[in-house]
file data.pdb (PDB, C-alpha atoms, pLDDT in the B column)
ATOM      1  CA  ASP A  96    -235.755 -57.227 203.644  1.00 64.00           C
ATOM      2  CA  ILE A  97    -235.600 -53.633 204.789  1.00 71.00           C
ATOM      3  CA  GLY A  98    -234.580 -51.048 202.215  1.00 73.00           C
ATOM      4  CA  SER A  99    -231.535 -48.887 202.787  1.00 72.00           C
ATOM      5  CA  ASP A 100    -233.774 -45.812 202.605  1.00 71.00           C
ATOM      6  CA  ILE A 101    -235.496 -46.692 205.905  1.00 77.00           C
ATOM      7  CA  SER A 102    -233.462 -43.887 207.545  1.00 77.00           C
ATOM      8  CA  PHE A 103    -235.807 -41.374 205.936  1.00 76.00           C
ATOM      9  CA  PHE A 104    -238.538 -42.414 208.340  1.00 74.00           C
ATOM     10  CA  PHE A 105    -236.451 -41.093 211.214  1.00 74.00           C
ATOM     11  CA  SER A 106    -236.296 -37.657 209.580  1.00 77.00           C
ATOM     12  CA  SER A 107    -238.601 -34.729 210.229  1.00 75.00           C
ATOM     13  CA  GLY A 108    -240.555 -35.476 207.058  1.00 77.00           C
ATOM     14  CA  THR A 109    -238.636 -33.242 204.681  1.00 82.00           C
ATOM     15  CA  ALA A 110    -235.181 -34.583 203.994  1.00 83.00           C
ATOM     16  CA  TYR A 111    -232.411 -34.554 201.423  1.00 84.00           C
ATOM     17  CA  CYS A 112    -231.337 -38.165 200.928  1.00 81.00           C
ATOM     18  CA  THR A 113    -228.162 -39.295 199.198  1.00 79.00           C
ATOM     19  CA  GLY A 114    -226.203 -42.501 198.780  1.00 78.00           C
ATOM     20  CA  ARG A 115    -228.710 -45.326 198.517  1.00 74.00           C
ATOM     21  CA  GLY A 116    -231.090 -43.250 200.622  1.00 78.00           C
ATOM     22  CA  GLU A 117    -229.309 -44.017 203.877  1.00 83.00           C
ATOM     23  CA  ILE A 118    -227.647 -40.589 204.204  1.00 85.00           C
ATOM     24  CA  VAL A 119    -230.383 -38.264 205.452  1.00 86.00           C
ATOM     25  CA  GLU A 120    -230.172 -34.524 205.993  1.00 87.00           C
ATOM     26  CA  ASP A 121    -233.226 -32.995 207.684  1.00 86.00           C
ATOM     27  CA  MET A 122    -234.500 -29.981 205.774  1.00 85.00           C
ATOM     28  CA  PRO A 123    -237.030 -27.294 206.596  1.00 86.00           C
ATOM     29  CA  PRO A 124    -240.438 -28.053 205.052  1.00 86.00           C
ATOM     30  CA  ALA A 125    -240.316 -27.045 201.393  1.00 85.00           C
ATOM     31  CA  LEU A 126    -244.064 -26.925 200.896  1.00 87.00           C
ATOM     32  CA  PRO A 127    -246.850 -25.721 203.178  1.00 86.00           C
ATOM     33  CA  ASP A 128    -248.862 -28.349 205.073  1.00 84.00           C
ATOM     34  CA  SER A 129    -251.933 -27.627 202.941  1.00 88.00           C
ATOM     35  CA  TYR A 130    -250.080 -27.986 199.604  1.00 91.00           C
ATOM     36  CA  PRO A 131    -252.012 -30.361 197.287  1.00 94.00           C
ATOM     37  CA  ILE A 132    -250.280 -33.502 196.019  1.00 94.00           C
ATOM     38  CA  VAL A 133    -251.666 -36.382 193.980  1.00 94.00           C
ATOM     39  CA  LEU A 134    -249.860 -39.735 193.914  1.00 95.00           C
ATOM     40  CA  ILE A 135    -250.712 -41.917 190.917  1.00 95.00           C
ATOM     41  CA  LYS A 136    -249.541 -45.509 190.625  1.00 95.00           C
ATOM     42  CA  PRO A 137    -250.313 -48.458 188.350  1.00 95.00           C
ATOM     43  CA  MET A 138    -251.364 -51.601 190.181  1.00 94.00           C
ATOM     44  CA  ARG A 139    -248.769 -53.607 188.232  1.00 92.00           C
ATOM     45  CA  PRO A 140    -245.464 -53.654 190.146  1.00 92.00           C
ATOM     46  CA  LEU A 141    -242.152 -52.375 188.839  1.00 95.00           C
ATOM     47  CA  SER A 142    -238.991 -54.200 189.872  1.00 95.00           C
ATOM     48  CA  THR A 143    -236.499 -51.933 191.653  1.00 92.00           C
ATOM     49  CA  ALA A 144    -233.698 -54.339 190.686  1.00 94.00           C
ATOM     50  CA  ALA A 145    -234.685 -54.134 187.009  1.00 96.00           C
ATOM     51  CA  VAL A 146    -234.695 -50.326 187.118  1.00 96.00           C
ATOM     52  CA  TYR A 147    -231.238 -50.150 188.698  1.00 93.00           C
ATOM     53  CA  LYS A 148    -229.936 -52.766 186.268  1.00 96.00           C
ATOM     54  CA  LYS A 149    -230.927 -50.486 183.358  1.00 96.00           C
ATOM     55  CA  LEU A 150    -229.494 -47.328 184.941  1.00 95.00           C
ATOM     56  CA  ASP A 151    -226.692 -45.844 182.811  1.00 95.00           C
ATOM     57  CA  VAL A 152    -224.812 -43.464 185.112  1.00 93.00           C
ATOM     58  CA  THR A 153    -223.207 -41.752 182.103  1.00 94.00           C
ATOM     59  CA  LYS A 154    -226.687 -40.467 181.189  1.00 93.00           C
ATOM     60  CA  CYS A 155    -227.556 -39.119 184.647  1.00 92.00           C
ATOM     61  CA  SER A 156    -228.163 -35.423 185.172  1.00 92.00           C
ATOM     62  CA  GLN A 157    -225.045 -33.291 185.464  1.00 93.00           C
ATOM     63  CA  VAL A 158    -226.804 -30.727 187.655  1.00 92.00           C
ATOM     64  CA  ASP A 159    -225.088 -30.151 191.002  1.00 92.00           C
ATOM     65  CA  PRO A 160    -227.504 -31.614 193.603  1.00 88.00           C
ATOM     66  CA  GLU A 161    -226.677 -28.887 196.157  1.00 90.00           C
ATOM     67  CA  GLU A 162    -227.390 -26.189 193.578  1.00 93.00           C
ATOM     68  CA  LEU A 163    -230.634 -27.930 192.573  1.00 91.00           C
ATOM     69  CA  LYS A 164    -231.731 -28.163 196.208  1.00 90.00           C
ATOM     70  CA  ASN A 165    -231.060 -24.442 196.728  1.00 91.00           C
ATOM     71  CA  ASP A 166    -232.815 -23.517 193.466  1.00 92.00           C
ATOM     72  CA  PHE A 167    -235.832 -25.596 194.516  1.00 90.00           C
ATOM     73  CA  TYR A 168    -236.156 -23.740 197.830  1.00 89.00           C
ATOM     74  CA  MET A 169    -235.680 -20.341 196.147  1.00 91.00           C
ATOM     75  CA  ASP A 170    -238.275 -21.163 193.477  1.00 91.00           C
ATOM     76  CA  VAL A 171    -240.807 -22.242 196.098  1.00 89.00           C
ATOM     77  CA  LEU A 172    -240.158 -19.159 198.232  1.00 86.00           C
ATOM     78  CA  GLN A 173    -240.302 -16.658 195.376  1.00 88.00           C
ATOM     79  CA  LYS A 174    -243.300 -18.142 193.583  1.00 88.00           C
ATOM     80  CA  SER A 175    -245.342 -18.825 196.707  1.00 84.00           C
ATOM     81  CA  ASN A 176    -244.906 -15.189 197.762  1.00 80.00           C
ATOM     82  CA  ALA A 177    -245.952 -14.069 194.271  1.00 79.00           C
ATOM     83  CA  ARG A 178    -248.881 -16.538 194.299  1.00 81.00           C
ATOM     84  CA  GLU A 179    -247.502 -18.345 191.234  1.00 84.00           C
ATOM     85  CA  ARG A 180    -247.519 -22.105 190.664  1.00 85.00           C
ATOM     86  CA  TYR A 181    -244.514 -23.869 192.148  1.00 87.00           C
ATOM     87  CA  PRO A 182    -242.157 -25.720 192.051  1.00 91.00           C
ATOM     88  CA  ALA A 183    -241.005 -25.529 188.450  1.00 91.00           C
ATOM     89  CA  GLN A 184    -240.968 -28.773 186.453  1.00 93.00           C
ATOM     90  CA  ASP A 185    -237.242 -28.504 185.679  1.00 92.00           C
ATOM     91  CA  LEU A 186    -236.426 -28.561 189.410  1.00 91.00           C
ATOM     92  CA  CYS A 187    -237.962 -32.009 189.943  1.00 92.00           C
ATOM     93  CA  LEU A 188    -235.349 -34.436 188.627  1.00 91.00           C
ATOM     94  CA  ASN A 189    -235.138 -38.186 189.044  1.00 93.00           C
ATOM     95  CA  ASP A 190    -232.377 -40.034 187.174  1.00 94.00           C
ATOM     96  CA  LEU A 191    -234.242 -43.307 187.690  1.00 95.00           C
ATOM     97  CA  GLU A 192    -237.077 -42.181 185.406  1.00 96.00           C
ATOM     98  CA  THR A 193    -235.195 -43.120 182.221  1.00 97.00           C
ATOM     99  CA  PRO A 194    -234.572 -46.765 183.164  1.00 97.00           C
ATOM    100  CA  ALA A 195    -238.005 -47.077 184.805  1.00 97.00           C
ATOM    101  CA  PHE A 196    -239.661 -45.737 181.651  1.00 97.00           C
ATOM    102  CA  GLN A 197    -237.667 -48.280 179.599  1.00 97.00           C
ATOM    103  CA  GLU A 198    -238.872 -51.050 181.899  1.00 97.00           C
ATOM    104  CA  MET A 199    -242.499 -49.791 182.000  1.00 97.00           C
ATOM    105  CA  PRO A 200    -243.105 -47.416 179.032  1.00 96.00           C
ATOM    106  CA  ILE A 201    -246.634 -46.521 180.176  1.00 96.00           C
ATOM    107  CA  LEU A 202    -245.028 -44.460 182.987  1.00 97.00           C
ATOM    108  CA  ALA A 203    -243.433 -42.134 180.416  1.00 97.00           C
ATOM    109  CA  GLN A 204    -246.801 -41.733 178.727  1.00 97.00           C
ATOM    110  CA  ALA A 205    -248.474 -41.077 182.085  1.00 96.00           C
ATOM    111  CA  LYS A 206    -245.928 -38.392 182.982  1.00 97.00           C
ATOM    112  CA  GLU A 207    -246.278 -36.712 179.594  1.00 96.00           C
ATOM    113  CA  GLU A 208    -250.075 -36.755 179.815  1.00 96.00           C
ATOM    114  CA  LEU A 209    -250.109 -35.482 183.410  1.00 96.00           C
ATOM    115  CA  ILE A 210    -247.764 -32.588 182.525  1.00 96.00           C
ATOM    116  CA  GLY A 211    -249.767 -31.864 179.368  1.00 95.00           C
ATOM    117  CA  SER A 212    -253.003 -31.632 181.355  1.00 94.00           C
ATOM    118  CA  GLY A 213    -251.820 -28.318 182.814  1.00 93.00           C
ATOM    119  CA  LEU A 214    -253.278 -29.327 186.175  1.00 94.00           C
ATOM    120  CA  TYR A 215    -249.970 -29.585 188.022  1.00 95.00           C
ATOM    121  CA  SER A 216    -246.942 -27.361 188.557  1.00 94.00           C
ATOM    122  CA  SER A 217    -244.659 -30.389 188.253  1.00 95.00           C
ATOM    123  CA  VAL A 218    -244.826 -34.147 187.805  1.00 97.00           C
ATOM    124  CA  PHE A 219    -242.056 -36.646 188.535  1.00 96.00           C
ATOM    125  CA  MET A 220    -241.575 -40.267 189.476  1.00 96.00           C
ATOM    126  CA  SER A 221    -240.843 -41.148 193.079  1.00 92.00           C
ATOM    127  CA  GLY A 222    -237.694 -43.199 193.681  1.00 89.00           C
ATOM    128  CA  SER A 223    -237.364 -46.192 191.377  1.00 91.00           C
ATOM    129  CA  GLY A 224    -241.077 -46.075 190.587  1.00 91.00           C
ATOM    130  CA  SER A 225    -243.758 -46.619 189.815  1.00 93.00           C
ATOM    131  CA  THR A 226    -245.521 -43.818 191.701  1.00 95.00           C
ATOM    132  CA  MET A 227    -245.917 -40.517 189.857  1.00 96.00           C
ATOM    133  CA  VAL A 228    -245.967 -37.435 192.101  1.00 96.00           C
ATOM    134  CA  CYS A 229    -248.155 -34.579 190.864  1.00 96.00           C
ATOM    135  CA  LEU A 230    -247.599 -31.282 192.698  1.00 94.00           C
ATOM    136  CA  GLY A 231    -249.856 -28.260 192.993  1.00 93.00           C
ATOM    137  CA  SER A 232    -253.413 -29.542 192.622  1.00 93.00           C
ATOM    138  CA  HIS A 233    -255.842 -32.180 193.811  1.00 93.00           C
ATOM    139  CA  ALA A 234    -257.552 -32.141 190.400  1.00 91.00           C
ATOM    140  CA  LEU A 235    -257.690 -35.438 188.550  1.00 89.00           C
ATOM    141  CA  ASP A 236    -258.660 -36.371 184.998  1.00 85.00           C
ATOM    142  CA  GLU A 237    -261.596 -38.774 185.214  1.00 82.00           C
ATOM    143  CA  ALA A 238    -260.463 -40.981 182.320  1.00 83.00           C
ATOM    144  CA  PRO A 239    -256.749 -40.634 181.577  1.00 90.00           C
ATOM    145  CA  ARG A 240    -255.596 -42.187 178.296  1.00 92.00           C
ATOM    146  CA  PHE A 241    -252.596 -43.813 179.963  1.00 94.00           C
ATOM    147  CA  GLU A 242    -254.856 -45.799 182.296  1.00 92.00           C
ATOM    148  CA  GLU A 243    -257.038 -47.010 179.433  1.00 91.00           C
ATOM    149  CA  GLU A 244    -254.051 -47.881 177.232  1.00 91.00           C
ATOM    150  CA  SER A 245    -252.230 -49.720 180.017  1.00 91.00           C
ATOM    151  CA  GLY A 246    -255.151 -52.086 180.520  1.00 90.00           C
ATOM    152  CA  ASP A 247    -254.341 -51.809 184.211  1.00 89.00           C
ATOM    153  CA  ASP A 248    -256.081 -50.152 187.112  1.00 90.00           C
ATOM    154  CA  TRP A 249    -254.267 -47.166 188.613  1.00 93.00           C
ATOM    155  CA  LEU A 250    -254.444 -45.918 192.171  1.00 93.00           C
ATOM    156  CA  ALA A 251    -254.714 -42.170 192.806  1.00 93.00           C
ATOM    157  CA  VAL A 252    -254.234 -40.765 196.304  1.00 93.00           C
ATOM    158  CA  MET A 253    -254.782 -37.123 197.198  1.00 93.00           C
ATOM    159  CA  THR A 254    -252.457 -36.060 199.970  1.00 92.00           C
ATOM    160  CA  GLN A 255    -250.447 -33.214 201.465  1.00 90.00           C
ATOM    161  CA  PRO A 256    -246.912 -32.853 202.829  1.00 87.00           C
ATOM    162  CA  VAL A 257    -246.198 -34.652 206.088  1.00 79.00           C
ATOM    163  CA  SER A 258    -243.846 -33.124 208.597  1.00 72.00           C
ATOM    164  CA  ARG A 259    -243.364 -33.577 212.288  1.00 68.00           C
ATOM    165  CA  THR A 260    -241.747 -31.661 215.045  1.00 60.00           C
ATOM    166  CA  LYS A 261    -238.323 -33.073 215.767  1.00 52.00           C
ATOM    167  CA  GLY A 262    -238.497 -35.246 218.843  1.00 53.00           C
ATOM    168  CA  SER A 263    -242.266 -35.588 218.854  1.00 53.00           C
ATOM    169  CA  GLY A 264    -242.026 -39.209 217.709  1.00 53.00           C
ATOM    170  CA  GLU A 265    -245.158 -38.789 215.598  1.00 55.00           C
ATOM    171  CA  TRP A 266    -245.517 -38.957 211.852  1.00 51.00           C
ATOM    172  CA  TYR A 267    -249.261 -38.896 212.065  1.00 49.00           C
ATOM    173  CA  LYS A 268    -252.047 -39.306 214.517  1.00 49.00           C
ATOM    174  CA  LYS A 269    -253.942 -42.540 214.108  1.00 47.00           C
ATOM    175  CA  SER A 270    -257.398 -42.013 212.698  1.00 45.00           C
ATOM    176  CA  LEU A 271    -260.270 -42.907 214.896  1.00 43.00           C
ATOM    177  CA  VAL A 272    -261.617 -46.249 213.691  1.00 46.00           C
ATOM    178  CA  ILE A 273    -265.234 -46.774 214.581  1.00 44.00           C
ATOM    179  CA  ASP A 274    -266.486 -50.348 214.627  1.00 47.00           C
ATOM    180  CA  SER A 275    -269.648 -49.496 216.496  1.00 43.00           C
ATOM    181  CA  ILE A 276    -271.414 -46.464 217.873  1.00 43.00           C
ATOM    182  CA  HIS A 277    -270.112 -47.488 221.295  1.00 45.00           C
ATOM    183  CA  ASP A 278    -266.588 -46.611 220.077  1.00 47.00           C
ATOM    184  CA  LEU A 279    -267.516 -42.945 219.613  1.00 45.00           C
ATOM    185  CA  PRO A 280    -266.131 -40.524 222.167  1.00 47.00           C
ATOM    186  CA  GLU A 281    -268.893 -39.631 224.586  1.00 49.00           C
ATOM    187  CA  ALA A 282    -271.067 -42.327 222.985  1.00 44.00           C
ATOM    188  CA  ASP A 283    -273.383 -42.371 225.984  1.00 49.00           C
ATOM    189  CA  LYS A 284    -274.765 -38.966 224.920  1.00 44.00           C
ATOM    190  CA  PHE A 285    -276.038 -40.484 221.661  1.00 41.00           C
ATOM    191  CA  ILE A 286    -277.283 -43.883 222.775  1.00 45.00           C
ATOM    192  CA  GLU A 287    -280.765 -44.264 224.134  1.00 46.00           C
ATOM    193  CA  LYS A 288    -280.697 -46.242 227.298  1.00 48.00           C
ATOM    194  CA  ASP A 289    -283.353 -48.737 228.226  1.00 49.00           C
ATOM    195  CA  GLU A 290    -284.843 -47.735 231.521  1.00 46.00           C
TER     196      GLU A 290
END

call {"tool": "encode", "arguments": {"input": "data.pdb", "output": "C-alpha cells"}}
result
Amino acid sequence: DIGSDISFFFSSGTAYCTGRGEIVEDMPPALPDSYPIVLIKPMRPLSTAAVYKKLDVTKCSQVDPEELKNDFYMDVLQKSNARERYPAQDLCLNDLETPAFQEMPILAQAKEELIGSGLYSSVFMSGSGSTMVCLGSHALDEAPRFEEESGDDWLAVMTQPVSRTKGSGEWYKKSLVIDSIHDLPEADKFIEKDE
C-alpha cells in the first residue's frame, strides 16, 4: 500500500500539506539548510489506523491553519534575524498527538521530557507518530528517562532540512559507498602496484 501523503515527495522539500496529505502546496524553505534537527523514535511501532480511530475532531485545534502557517514563517524570520531560538513551541501543532499519546503514553512523556530539557526550541510529533521532531539543536540526553521507562530501544537521528531546486529531480545525492579501496575515486594514486 502507498500512503496518500506520497505527493509530498514530489514537492520541493518544504510543503504545506492538507487533506490526507495528498494536497501539497510548495513553500519556501522555512529553516536554513544547516538548521539542527533531531528525530527520536521508539522501535515499537504505532498503528496509524489506531491513532486515527481515536481522533476526536471536536478536540482538534481551532487555530486557522493559514494564520498558523504565516505566524510560523514570521516567527522564524524575526527570531533568526535577532539570533533567538526558533520556532516557538506553540507554533508546532499536531492534532494527532492526543490520540497517539493515548495509544502510546510513553510518547507524551518523551515530548514533555524533551521540552523540559531546554535543549530544543520546539518538540512535536510527526504525522500520526511515533517520531518526535526536536528543532534547534543536535544535543541529546545520554540517558533519557522515557527510554528507560519504556523498556524499549529508541532511535535518534541527527539531521537537517532537506530541500531541492524545483525541477532538479534530486532529493539527495547518493553517498559514496566504498566496498573496497578500488572503489575510491582516483584509487590508482593510493594503491601500490606490483612491478

call {"tool": "resolve_selection", "arguments": {"input": "data.pdb", "expression": "the PyMOL selection byres ((chain A and resi 255) around 9)", "output": "PyMOL selection string"}}
result
chain A and resi 126-133+253-254+256-257

call {"tool": "resolve_selection", "arguments": {"input": "data.pdb", "expression": "the PyMOL selection byres ((chain A and resi 140) around 12)", "output": "PyMOL selection string"}}
result
chain A and resi 136-139+141-146+195+198-199+202+223-226+247-249

call {"tool": "resolve_selection", "arguments": {"input": "data.pdb", "expression": "the PyMOL selection byres ((chain A and resi 162-178) around 10)", "output": "ChimeraX atom specification"}}
result
/A:111,123-127,158-161,179-183,185-188

call {"tool": "atom_distance", "arguments": {"input": "data.pdb", "atom1": "atom CA of Leu150 of chain A", "atom2": "atom CA of Leu191 of chain A"}}
result
6.8 Å

call {"tool": "residues_around", "arguments": {"input": "data.pdb", "residues": "Val218 of chain A", "least_positions_apart": "4", "cutoff": "8 Å", "atoms": "all atoms listed in the file", "output": "NGL selection string"}}
result
:A and (184 or 187 or 206 or 209-210 or 227-230)

call {"tool": "closest_residue", "arguments": {"input": "data.pdb", "among": "A:Gly222, A:Pro194, A:Pro239, A:Gly231", "to": "Glu208 of chain A", "atoms": "all atoms listed in the file"}}
result
A:Pro239

call {"tool": "atom_distance", "arguments": {"input": "data.pdb", "atom1": "atom CA of Val152 of chain A", "atom2": "atom CA of Phe104 of chain A"}}
result
27.0 Å

call {"tool": "atom_distance", "arguments": {"input": "data.pdb", "atom1": "atom CA of Met122 of chain A", "atom2": "atom CA of Ile101 of chain A"}}
result
16.7 Å

call {"tool": "closest_residue", "arguments": {"input": "data.pdb", "among": "A:Cys155, A:Leu134, A:Ala203, A:Ile97", "to": "His233 of chain A", "atoms": "all atoms listed in the file"}}
result
A:Leu134

call {"tool": "axis_aligned_box", "arguments": {"input": "data.pdb", "around": "segment 221-234 of chain A", "padding_each_side": "8 Å", "output": "lines of an AutoDock Vina configuration file"}}
result
center_x = -247.5
center_y = -37.4
center_z = 191.8
size_x = 36.2
size_y = 34.4
size_z = 20.0

call {"tool": "build_atoms", "arguments": {"input": "data.pdb", "residues": "segment 136-149 of chain A", "atoms": "N, CA and C atoms", "output": "PDB file, keeping the file's coordinate frame"}}
result
ATOM      1  N   LYS A 136    -250.366 -44.301 190.725  1.00 95.00           N
ATOM      2  CA  LYS A 136    -249.541 -45.509 190.625  1.00 95.00           C
ATOM      3  C   LYS A 136    -250.308 -46.624 189.923  1.00 95.00           C
ATOM      4  N   PRO A 137    -249.662 -47.289 188.945  1.00 95.00           N
ATOM      5  CA  PRO A 137    -250.313 -48.458 188.350  1.00 95.00           C
ATOM      6  C   PRO A 137    -250.314 -49.614 189.356  1.00 95.00           C
ATOM      7  N   MET A 138    -251.293 -50.463 189.260  1.00 94.00           N
ATOM      8  CA  MET A 138    -251.364 -51.601 190.181  1.00 94.00           C
ATOM      9  C   MET A 138    -250.283 -52.639 189.871  1.00 94.00           C
ATOM     10  N   ARG A 139    -249.831 -52.676 188.619  1.00 92.00           N
ATOM     11  CA  ARG A 139    -248.769 -53.607 188.232  1.00 92.00           C
ATOM     12  C   ARG A 139    -247.447 -53.155 188.849  1.00 92.00           C
ATOM     13  N   PRO A 140    -246.719 -54.051 189.489  1.00 92.00           N
ATOM     14  CA  PRO A 140    -245.464 -53.654 190.146  1.00 92.00           C
ATOM     15  C   PRO A 140    -244.334 -53.401 189.140  1.00 92.00           C
ATOM     16  N   LEU A 141    -243.357 -52.648 189.607  1.00 95.00           N
ATOM     17  CA  LEU A 141    -242.152 -52.375 188.839  1.00 95.00           C
ATOM     18  C   LEU A 141    -240.968 -52.822 189.690  1.00 95.00           C
ATOM     19  N   SER A 142    -240.128 -53.653 189.137  1.00 95.00           N
ATOM     20  CA  SER A 142    -238.991 -54.200 189.872  1.00 95.00           C
ATOM     21  C   SER A 142    -237.898 -53.149 190.072  1.00 95.00           C
ATOM     22  N   THR A 143    -237.593 -52.870 191.337  1.00 92.00           N
ATOM     23  CA  THR A 143    -236.499 -51.933 191.653  1.00 92.00           C
ATOM     24  C   THR A 143    -235.184 -52.452 191.078  1.00 92.00           C
ATOM     25  N   ALA A 144    -234.939 -53.743 191.207  1.00 94.00           N
ATOM     26  CA  ALA A 144    -233.698 -54.339 190.686  1.00 94.00           C
ATOM     27  C   ALA A 144    -233.594 -54.138 189.177  1.00 94.00           C
ATOM     28  N   ALA A 145    -234.706 -54.305 188.462  1.00 96.00           N
ATOM     29  CA  ALA A 145    -234.685 -54.134 187.009  1.00 96.00           C
ATOM     30  C   ALA A 145    -234.391 -52.686 186.629  1.00 96.00           C
ATOM     31  N   VAL A 146    -234.940 -51.747 187.393  1.00 96.00           N
ATOM     32  CA  VAL A 146    -234.695 -50.326 187.118  1.00 96.00           C
ATOM     33  C   VAL A 146    -233.214 -50.010 187.319  1.00 96.00           C
ATOM     34  N   TYR A 147    -232.654 -50.428 188.436  1.00 93.00           N
ATOM     35  CA  TYR A 147    -231.238 -50.150 188.698  1.00 93.00           C
ATOM     36  C   TYR A 147    -230.334 -50.868 187.698  1.00 93.00           C
ATOM     37  N   LYS A 148    -230.740 -52.022 187.251  1.00 96.00           N
ATOM     38  CA  LYS A 148    -229.936 -52.766 186.268  1.00 96.00           C
ATOM     39  C   LYS A 148    -229.844 -51.994 184.953  1.00 96.00           C
ATOM     40  N   LYS A 149    -230.906 -51.249 184.606  1.00 96.00           N
ATOM     41  CA  LYS A 149    -230.927 -50.486 183.358  1.00 96.00           C
ATOM     42  C   LYS A 149    -230.340 -49.087 183.504  1.00 96.00           C
TER      43      LYS A 149
END
